[in-house]
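*Asks:* Enclosed is the structure file query10.cif (mmCIF, C-alpha atoms).
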```cif
data_data
#
loop_
_atom_site.group_PDB
_atom_site.id
_atom_site.type_symbol
_atom_site.label_atom_id
_atom_site.label_comp_id
_atom_site.auth_asym_id
_atom_site.auth_seq_id
_atom_site.Cartn_x
_atom_site.Cartn_y
_atom_site.Cartn_z
ATOM 1 C CA PHE K 1 0.000 0.000 0.000
ATOM 2 C CA THR K 2 2.730 2.451 0.983
ATOM 3 C CA ILE K 3 4.776 1.830 -2.174
ATOM 4 C CA LYS K 4 1.694 2.314 -4.369
ATOM 5 C CA ASN K 5 0.188 5.277 -2.528
ATOM 6 C CA GLU K 6 3.045 7.239 -0.960
ATOM 7 C CA PRO K 7 6.070 8.893 -2.564
ATOM 8 C CA ILE K 8 8.524 6.244 -1.342
ATOM 9 C CA GLY K 9 10.224 3.453 -3.252
ATOM 10 C CA SER K 10 10.423 -0.140 -2.072
ATOM 11 C CA CYS K 11 14.179 0.075 -1.373
ATOM 12 C CA ASP K 12 13.676 3.181 0.782
ATOM 13 C CA LEU K 13 10.892 1.410 2.641
ATOM 14 C CA MET K 14 13.218 -1.564 3.136
ATOM 15 C CA GLU K 15 15.855 0.755 4.635
ATOM 16 C CA ARG K 16 13.266 2.165 7.054
ATOM 17 C CA ALA K 17 12.319 -1.342 8.176
ATOM 18 C CA ALA K 18 15.988 -2.284 8.589
ATOM 19 C CA GLU K 19 16.655 0.795 10.697
ATOM 20 C CA GLY K 20 13.739 -0.144 12.955
ATOM 21 C CA VAL K 21 15.058 -3.687 13.380
ATOM 22 C CA ALA K 22 18.589 -2.447 14.085
ATOM 23 C CA LYS K 23 17.174 -0.010 16.654
ATOM 24 C CA ALA K 24 15.359 -2.881 18.413
ATOM 25 C CA VAL K 25 18.618 -4.865 18.585
ATOM 26 C CA LEU K 26 20.525 -1.832 19.897
ATOM 27 C CA GLU K 27 17.931 -1.404 22.647
ATOM 28 C CA LEU K 28 18.615 -4.999 23.706
ATOM 29 C CA LEU K 29 22.402 -4.722 23.696
ATOM 30 C CA PRO K 30 23.266 -1.056 23.239
ATOM 31 C CA ASP K 31 26.861 -1.028 24.463
ATOM 32 C CA ARG K 32 28.044 -4.528 23.633
ATOM 33 C CA PRO K 33 28.982 -4.684 19.931
ATOM 34 C CA GLY K 34 32.213 -6.589 20.619
ATOM 35 C CA LYS K 35 30.458 -9.164 22.812
ATOM 36 C CA CYS K 36 27.428 -9.777 20.648
ATOM 37 C CA ARG K 37 27.119 -12.070 17.633
ATOM 38 C CA VAL K 38 24.106 -11.725 15.399
ATOM 39 C CA ALA K 39 22.826 -14.259 12.870
ATOM 40 C CA VAL K 40 20.190 -13.109 10.414
ATOM 41 C CA PHE K 41 18.041 -15.877 8.926
ATOM 42 C CA CYS K 42 16.743 -14.560 5.599
ATOM 43 C CA GLY K 43 14.412 -15.821 2.934
ATOM 44 C CA ALA K 44 14.488 -14.809 -0.706
ATOM 45 C CA GLY K 45 11.620 -12.300 -0.469
ATOM 46 C CA ASN K 46 11.540 -8.707 0.677
ATOM 47 C CA ASN K 47 11.454 -9.733 4.346
ATOM 48 C CA GLY K 48 14.862 -11.281 3.709
ATOM 49 C CA GLY K 49 15.971 -7.997 2.154
ATOM 50 C CA ASP K 50 14.896 -6.185 5.326
ATOM 51 C CA GLY K 51 17.002 -8.640 7.332
ATOM 52 C CA ILE K 52 20.060 -8.243 5.105
ATOM 53 C CA ALA K 53 19.823 -4.452 5.366
ATOM 54 C CA ALA K 54 19.463 -4.649 9.175
ATOM 55 C CA ALA K 55 22.525 -6.915 9.339
ATOM 56 C CA ARG K 56 24.510 -4.393 7.287
ATOM 57 C CA ILE K 57 23.507 -1.538 9.604
ATOM 58 C CA LEU K 58 24.512 -3.522 12.709
ATOM 59 C CA TYR K 59 27.744 -4.704 11.069
ATOM 60 C CA LEU K 60 28.739 -1.133 10.204
ATOM 61 C CA MET K 61 28.107 -0.225 13.862
ATOM 62 C CA GLY K 62 30.659 -2.831 14.967
ATOM 63 C CA TYR K 63 28.465 -5.861 15.610
ATOM 64 C CA SER K 64 29.592 -9.271 14.408
ATOM 65 C CA CYS K 65 26.890 -10.340 11.943
ATOM 66 C CA ASP K 66 26.398 -13.310 9.663
ATOM 67 C CA VAL K 67 23.619 -13.540 7.106
ATOM 68 C CA LEU K 68 22.170 -16.986 6.420
ATOM 69 C CA LEU K 69 20.264 -16.559 3.155
ATOM 70 C CA PHE K 70 17.983 -19.477 2.319
ATOM 71 C CA CYS K 71 17.141 -19.482 -1.390
ATOM 72 C CA GLY K 72 14.590 -21.525 -3.268
ATOM 73 C CA LYS K 73 14.224 -22.194 -6.967
ATOM 74 C CA HIS K 74 12.573 -18.837 -7.653
ATOM 75 C CA GLY K 75 15.607 -16.779 -6.616
ATOM 76 C CA LEU K 76 15.660 -13.432 -4.838
ATOM 77 C CA THR K 77 13.359 -10.483 -5.323
ATOM 78 C CA GLU K 78 14.986 -7.536 -7.071
ATOM 79 C CA GLU K 79 15.108 -5.523 -3.837
ATOM 80 C CA THR K 80 16.621 -8.400 -1.861
ATOM 81 C CA GLU K 81 19.242 -8.938 -4.570
ATOM 82 C CA GLN K 82 20.097 -5.247 -4.318
ATOM 83 C CA GLN K 83 20.451 -5.455 -0.516
ATOM 84 C CA LEU K 84 22.620 -8.561 -0.890
ATOM 85 C CA GLN K 85 25.041 -6.725 -3.177
ATOM 86 C CA ILE K 86 25.185 -3.706 -0.852
ATOM 87 C CA ALA K 87 25.878 -6.004 2.128
ATOM 88 C CA LYS K 88 28.619 -7.895 0.316
ATOM 89 C CA ASN K 89 30.214 -4.627 -0.790
ATOM 90 C CA ALA K 90 30.213 -3.513 2.863
ATOM 91 C CA GLY K 91 32.154 -6.670 3.797
ATOM 92 C CA LEU K 92 29.336 -8.560 5.505
ATOM 93 C CA THR K 93 29.603 -12.358 5.597
ATOM 94 C CA VAL K 94 26.729 -13.955 3.693
ATOM 95 C CA TYR K 95 26.121 -17.698 3.570
ATOM 96 C CA GLN K 96 23.869 -18.302 0.578
ATOM 97 C CA ILE K 97 22.178 -21.650 1.176
ATOM 98 C CA SER K 98 20.258 -23.360 -1.594
ATOM 99 C CA CYS K 99 17.155 -25.068 -0.290
ATOM 100 C CA ASP K 100 16.346 -26.755 -3.590
ATOM 101 C CA GLY K 101 16.187 -30.483 -2.992
ATOM 102 C CA ALA K 102 16.982 -30.170 0.722
ATOM 103 C CA GLU K 103 14.839 -32.426 2.879
ATOM 104 C CA THR K 104 15.653 -30.872 6.267
ATOM 105 C CA ALA K 105 17.896 -28.167 7.678
ATOM 106 C CA SER K 106 20.555 -30.819 8.329
ATOM 107 C CA ASP K 107 20.833 -31.174 4.540
ATOM 108 C CA VAL K 108 22.023 -27.586 4.185
ATOM 109 C CA GLU K 109 25.378 -26.477 5.532
ATOM 110 C CA PHE K 110 25.817 -23.435 7.737
ATOM 111 C CA LYS K 111 27.210 -22.518 11.135
ATOM 112 C CA GLY K 112 25.345 -23.728 14.193
ATOM 113 C CA VAL K 113 23.274 -21.203 16.123
ATOM 114 C CA LYS K 114 24.923 -21.768 19.510
ATOM 115 C CA GLU K 115 27.594 -19.137 18.892
ATOM 116 C CA TYR K 116 25.091 -16.310 18.402
ATOM 117 C CA THR K 117 23.626 -13.923 20.985
ATOM 118 C CA ILE K 118 20.780 -12.660 18.799
ATOM 119 C CA LEU K 119 18.956 -14.307 15.920
ATOM 120 C CA LEU K 120 16.992 -12.149 13.509
ATOM 121 C CA ASP K 121 14.107 -13.928 11.807
ATOM 122 C CA ALA K 122 13.642 -12.544 8.292
ATOM 123 C CA ILE K 123 12.705 -15.825 6.601
ATOM 124 C CA PHE K 124 9.067 -15.101 5.734
ATOM 125 C CA GLY K 125 7.127 -11.879 6.097
ATOM 126 C CA ILE K 126 3.584 -10.644 5.840
ATOM 127 C CA GLY K 127 2.865 -12.336 2.505
ATOM 128 C CA LEU K 128 3.082 -15.925 3.772
ATOM 129 C CA THR K 129 -0.142 -17.861 3.214
ATOM 130 C CA ARG K 130 1.070 -21.449 2.868
ATOM 131 C CA GLU K 131 2.094 -24.048 5.413
ATOM 132 C CA ILE K 132 5.788 -24.161 6.348
ATOM 133 C CA ARG K 133 7.531 -27.161 4.784
ATOM 134 C CA GLU K 134 11.035 -28.559 4.841
ATOM 135 C CA PRO K 135 13.753 -27.442 4.912
ATOM 136 C CA TYR K 136 12.294 -24.213 6.352
ATOM 137 C CA LYS K 137 10.464 -26.157 9.069
ATOM 138 C CA SER K 138 13.773 -27.513 10.384
ATOM 139 C CA VAL K 139 15.347 -24.050 10.207
ATOM 140 C CA ILE K 140 12.495 -22.590 12.270
ATOM 141 C CA GLU K 141 12.756 -25.453 14.772
ATOM 142 C CA MET K 142 16.498 -24.771 15.088
ATOM 143 C CA VAL K 143 15.833 -21.072 15.765
ATOM 144 C CA ASN K 144 13.243 -22.025 18.389
ATOM 145 C CA ALA K 145 15.635 -24.458 20.086
ATOM 146 C CA SER K 146 18.335 -21.809 20.395
ATOM 147 C CA ASP K 147 19.128 -20.016 23.649
ATOM 148 C CA ALA K 148 19.667 -16.789 21.692
ATOM 149 C CA PHE K 149 17.335 -13.812 21.860
ATOM 150 C CA VAL K 150 15.084 -13.875 18.766
ATOM 151 C CA VAL K 151 13.909 -10.741 16.973
ATOM 152 C CA ALA K 152 11.342 -11.132 14.172
ATOM 153 C CA VAL K 153 11.308 -8.732 11.238
ATOM 154 C CA ASP K 154 7.685 -7.615 10.671
ATOM 155 C CA ILE K 155 6.101 -10.825 11.996
ATOM 156 C CA PRO K 156 7.459 -14.195 13.160
ATOM 157 C CA SER K 157 7.932 -16.548 10.216
ATOM 158 C CA GLY K 158 5.099 -19.055 10.034
ATOM 159 C CA ILE K 159 2.298 -16.766 11.191
ATOM 160 C CA ASP K 160 -0.555 -15.838 8.844
ATOM 161 C CA THR K 161 -0.716 -12.042 9.043
ATOM 162 C CA ASP K 162 -4.453 -11.836 8.413
ATOM 163 C CA THR K 163 -5.624 -14.547 10.815
ATOM 164 C CA GLY K 164 -2.778 -15.025 13.300
ATOM 165 C CA ALA K 165 -2.851 -18.755 12.565
ATOM 166 C CA VAL K 166 0.330 -20.801 12.822
ATOM 167 C CA LEU K 167 1.015 -22.272 9.399
ATOM 168 C CA GLY K 168 2.425 -25.608 10.555
ATOM 169 C CA CYS K 169 5.178 -24.109 12.715
ATOM 170 C CA ALA K 170 6.344 -20.606 13.570
ATOM 171 C CA VAL K 171 9.313 -18.775 15.040
ATOM 172 C CA ARG K 172 8.860 -18.012 18.730
ATOM 173 C CA ALA K 173 10.236 -14.480 18.795
ATOM 174 C CA ASP K 174 11.109 -12.463 21.894
ATOM 175 C CA VAL K 175 10.513 -9.210 19.971
#
```
Would you give me this structure, written as structure tokens?

*Replies:*
Amino acid sequence: FTIKNEPIGSCDLMERAAEGVAKAVLELLPDRPGKCRVAVFCGAGNNGGDGIAAARILYLMGYSCDVLLFCGKHGLTEETEQQLQIAKNAGLTVYQISCDGAETASDVEFKGVKEYTILLDAIFGIGLTREIREPYKSVIEMVNASDAFVVAVDIPSGIDTDTGAVLGCAVRADV
């Protein structure tokens, strides 16, 4: 609605969302950039782009951030691709994980979540209307099993925005 009806582009809107997420993380751990590790779990849609942009902002503020980008067969949205390039140019570590053909999260390779203080959930956003399936189900279960503080971007992945229903499984976010 905002993109169609207000004088703001989707990338600018994405930056606003990312700034809000980064602000929420800074309120949790304002003076601890050297002691805090952040992992950002991103999907291929614009919610993932919000997460990548938030990771870049935190990284440039001195926080240790890794982006775990889970990609399906449809690839990234144009805006998310743009945020990915900006993040890589800034020096951010991005693990691009193909989920095509993966049965569970154990079939994709990435760092374990135990080393992170904060996990950002930017896997699925407000457009999700289908049940969560593998390998995303295992990824969400791994996030939920973590002792890290979990911050959801927009809405916890796995929640239907219109009804509040859990679509098979959902991230249990602290914020």

*Asks:* Give as a PyMOL selection string the set of residues within 10 Å of the point (0.1, -18.7, 2.8), where distances use the file's coordinates and all atoms listed in the file.

*Replies:* chain K and resi 126-132+158-162+167

*Asks:* Mind dumping a table of every range 52-145 of chain K residue within 12 Å of range 9-28 of chain K, with the nearest atom pair and its distance in Å to one decimal, using only C-alpha atoms, sorted by chain and rising number, as a tab-separated table?

*Replies:*
```
residue	atom	partner	partner_atom	distance
K:Ile52	CA	K:Ala18	CA	8.0
K:Ala53	CA	K:Ala18	CA	5.5
K:Ala54	CA	K:Ala18	CA	4.2
K:Ala55	CA	K:Ala22	CA	7.6
K:Arg56	CA	K:Ala18	CA	8.9
K:Ile57	CA	K:Ala22	CA	6.7
K:Leu58	CA	K:Ala22	CA	6.2
K:Tyr59	CA	K:Ala22	CA	9.9
K:Leu60	CA	K:Ala22	CA	10.9
K:Met61	CA	K:Ala22	CA	9.8
K:Gly62	CA	K:Leu26	CA	11.3
K:Tyr63	CA	K:Leu26	CA	9.9
K:Cys65	CA	K:Ala22	CA	11.7
K:Thr77	CA	K:Ser10	CA	11.2
K:Glu78	CA	K:Cys11	CA	9.5
K:Glu79	CA	K:Cys11	CA	6.2
K:Thr80	CA	K:Cys11	CA	8.8
K:Glu81	CA	K:Cys11	CA	10.8
K:Gln82	CA	K:Cys11	CA	8.5
K:Gln83	CA	K:Cys11	CA	8.4
K:Ile86	CA	K:Cys11	CA	11.6
K:Thr117	CA	K:Leu28	CA	10.6
K:Ile118	CA	K:Val25	CA	8.1
K:Leu119	CA	K:Val25	CA	9.8
K:Leu120	CA	K:Val21	CA	8.7
K:Asp121	CA	K:Val21	CA	10.4
K:Ala122	CA	K:Val21	CA	10.3
K:Gly125	CA	K:Ala17	CA	11.9
```

*Asks:* Determine the residue membership of the PyMOL selection byres ((chain K and resi 36) around 8) for the file above and supply it as a list in words.

*Replies:*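 Going through the file, the PyMOL selection byres ((chain K and resi 36) around 8) ends up selecting Leu29, Arg32, Pro33, Gly34, Lys35, Arg37, Val38, Tyr63, Ser64, Tyr116, Thr117 and Ile118 of chain K.
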
*Asks:* Which is closer to Met142 in chain K than all the others in K:Phe41, K:Gln96, K:Gly168, K:Asp154, using all atoms listed in the file?

*Replies:*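 Nearest candidate to Met142 in chain K out of K:Phe41, K:Gln96, K:Gly168, K:Asp154: K:Phe41.
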
*Asks:* Mind telling me what the PyMOL selection byres ((chain K and resi 175) around 9) catches here, as an MDAnalysis selection string?

*Replies:* chainID K and resid 24 149:153 156 173:174

*Asks:* Quick check, in Å to one decimal: how far apart do CA of Val166 in chain K and CA of Gly48 in chain K lie?

*Replies:*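 Calculated distance between CA of Val166 in chain K and CA of Gly48 in chain K is 19.6 Å.
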
*Asks:* Quick one: pull the distance between CA of Phe70 in chain K and CA of Val171 in chain K, Å, one decimal.

*Replies:*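 Answer for the CA of Phe70 in chain K to CA of Val171 in chain K separation: 15.4 Å.
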
*Asks:* Using the file's own x, y and z axes, so that the box edges lie along x, y and z, what centre and edge lengths in Å (one decimal) does a box around every listed atom of range 38-57 of chain K get when 3 Å is added on each side? Give it as JSON.

*Replies:*
```
{"center_x": 18.0, "center_y": -8.7, "center_z": 7.3, "size_x": 19.1, "size_y": 20.3, "size_z": 22.1}
```

*Asks:* What's the separation between CA of Tyr95 in chain K and CA of Tyr136 in chain K, in Å to one decimal place?

*Replies:*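 Separation between CA of Tyr95 in chain K and CA of Tyr136 in chain K: 15.5 Å.
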
*Asks:* In terms of the shortest atom-to-atom distance over all atoms listed in the file, which of K:Ala90, K:Ala44, K:Leu84, K:Ala39 is closest to Asp66 in chain K?

*Replies:*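 Between K:Ala90, K:Ala44, K:Leu84, K:Ala39, the residue approaching Asp66 in chain K most closely is K:Ala39.
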
*Asks:* Using the chain letters and numbers from the file, give me the residues hit by the PyMOL selection byres ((chain K and resi 140) around 8), as a PyMOL selection string.

*Replies:* chain K and resi 136-139+141-144+157+169-171

*Asks:* How about saving the chosen residues, C-alpha atoms kept, as a short mmCIF file (atom, residue, chain, number, x, y, z; two decimals), in the frame of the given file?

*Replies:*
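As a result, out-v5.cif now contains:
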```cif
data_model
loop_
_atom_site.label_atom_id
_atom_site.label_comp_id
_atom_site.auth_asym_id
_atom_site.auth_seq_id
_atom_site.Cartn_x
_atom_site.Cartn_y
_atom_site.Cartn_z
CA TYR K 136 12.29 -24.21 6.35
CA LYS K 137 10.46 -26.16 9.07
CA SER K 138 13.77 -27.51 10.38
CA VAL K 139 15.35 -24.05 10.21
CA GLU K 141 12.76 -25.45 14.77
CA MET K 142 16.50 -24.77 15.09
CA VAL K 143 15.83 -21.07 15.76
CA ASN K 144 13.24 -22.02 18.39
CA SER K 157 7.93 -16.55 10.22
CA CYS K 169 5.18 -24.11 12.72
CA ALA K 170 6.34 -20.61 13.57
CA VAL K 171 9.31 -18.77 15.04
#
```

*Asks:* With all atoms listed in the file as the basis for distance, which of K:Cys71, K:Ile155, K:Ile8, K:Val40 is at the shortest distance from Thr93 in chain K?

*Replies:*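 Ranking K:Cys71, K:Ile155, K:Ile8, K:Val40 by distance to Thr93 in chain K, first place goes to K:Val40.
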
*Asks:* Please output range 19-44 of chain K, rebuilt to include N, CA and C atoms, as a tab-separated table (two decimals), keeping the file's coordinate frame.

*Replies:*
```
chain	number	residue	atom	x	y	z
K	19	GLU	N	16.27	-0.11	9.61
K	19	GLU	CA	16.66	0.80	10.70
K	19	GLU	C	15.85	0.51	11.96
K	20	GLY	N	14.57	0.20	11.80
K	20	GLY	CA	13.74	-0.14	12.96
K	20	GLY	C	14.19	-1.43	13.63
K	21	VAL	N	14.57	-2.42	12.83
K	21	VAL	CA	15.06	-3.69	13.38
K	21	VAL	C	16.39	-3.46	14.10
K	22	ALA	N	17.29	-2.72	13.46
K	22	ALA	CA	18.59	-2.45	14.08
K	22	ALA	C	18.39	-1.69	15.40
K	23	LYS	N	17.46	-0.76	15.43
K	23	LYS	CA	17.17	-0.01	16.65
K	23	LYS	C	16.70	-0.95	17.76
K	24	ALA	N	15.84	-1.92	17.41
K	24	ALA	CA	15.36	-2.88	18.41
K	24	ALA	C	16.52	-3.70	18.98
K	25	VAL	N	17.45	-4.10	18.12
K	25	VAL	CA	18.62	-4.86	18.58
K	25	VAL	C	19.49	-3.99	19.48
K	26	LEU	N	19.69	-2.74	19.09
K	26	LEU	CA	20.52	-1.83	19.90
K	26	LEU	C	19.91	-1.58	21.27
K	27	GLU	N	18.58	-1.57	21.35
K	27	GLU	CA	17.93	-1.40	22.65
K	27	GLU	C	18.16	-2.61	23.54
K	28	LEU	N	18.35	-3.79	22.94
K	28	LEU	CA	18.61	-5.00	23.71
K	28	LEU	C	20.05	-5.02	24.22
K	29	LEU	N	20.98	-4.66	23.37
K	29	LEU	CA	22.40	-4.72	23.70
K	29	LEU	C	23.11	-3.46	23.22
K	30	PRO	N	22.78	-2.32	23.78
K	30	PRO	CA	23.27	-1.06	23.24
K	30	PRO	C	24.77	-0.86	23.29
K	31	ASP	N	25.43	-1.32	24.30
K	31	ASP	CA	26.86	-1.03	24.46
K	31	ASP	C	27.74	-2.27	24.38
K	32	ARG	N	27.29	-3.28	23.65
K	32	ARG	CA	28.04	-4.53	23.63
K	32	ARG	C	28.38	-5.02	22.23
K	33	PRO	N	28.75	-4.17	21.29
K	33	PRO	CA	28.98	-4.68	19.93
K	33	PRO	C	30.08	-5.74	19.87
K	34	GLY	N	31.12	-5.62	20.65
K	34	GLY	CA	32.21	-6.59	20.62
K	34	GLY	C	31.87	-7.91	21.28
K	35	LYS	N	30.83	-7.95	22.08
K	35	LYS	CA	30.46	-9.16	22.81
K	35	LYS	C	29.20	-9.81	22.27
K	36	CYS	N	28.70	-9.31	21.18
K	36	CYS	CA	27.43	-9.78	20.65
K	36	CYS	C	27.62	-10.31	19.24
K	37	ARG	N	27.11	-11.50	18.99
K	37	ARG	CA	27.12	-12.07	17.63
K	37	ARG	C	25.69	-12.21	17.17
K	38	VAL	N	25.44	-11.73	15.96
K	38	VAL	CA	24.11	-11.72	15.40
K	38	VAL	C	24.08	-12.60	14.16
K	39	ALA	N	23.08	-13.49	14.09
K	39	ALA	CA	22.83	-14.26	12.87
K	39	ALA	C	21.47	-13.82	12.34
K	40	VAL	N	21.43	-13.55	11.04
K	40	VAL	CA	20.19	-13.11	10.41
K	40	VAL	C	19.74	-14.20	9.45
K	41	PHE	N	18.61	-14.82	9.76
K	41	PHE	CA	18.04	-15.88	8.93
K	41	PHE	C	17.12	-15.22	7.92
K	42	CYS	N	17.48	-15.28	6.64
K	42	CYS	CA	16.74	-14.56	5.60
K	42	CYS	C	16.17	-15.50	4.56
K	43	GLY	N	14.99	-15.16	4.09
K	43	GLY	CA	14.41	-15.82	2.93
K	43	GLY	C	14.70	-15.00	1.70
K	44	ALA	N	14.20	-15.45	0.58
K	44	ALA	CA	14.49	-14.81	-0.71
K	44	ALA	C	13.60	-13.61	-1.01
```
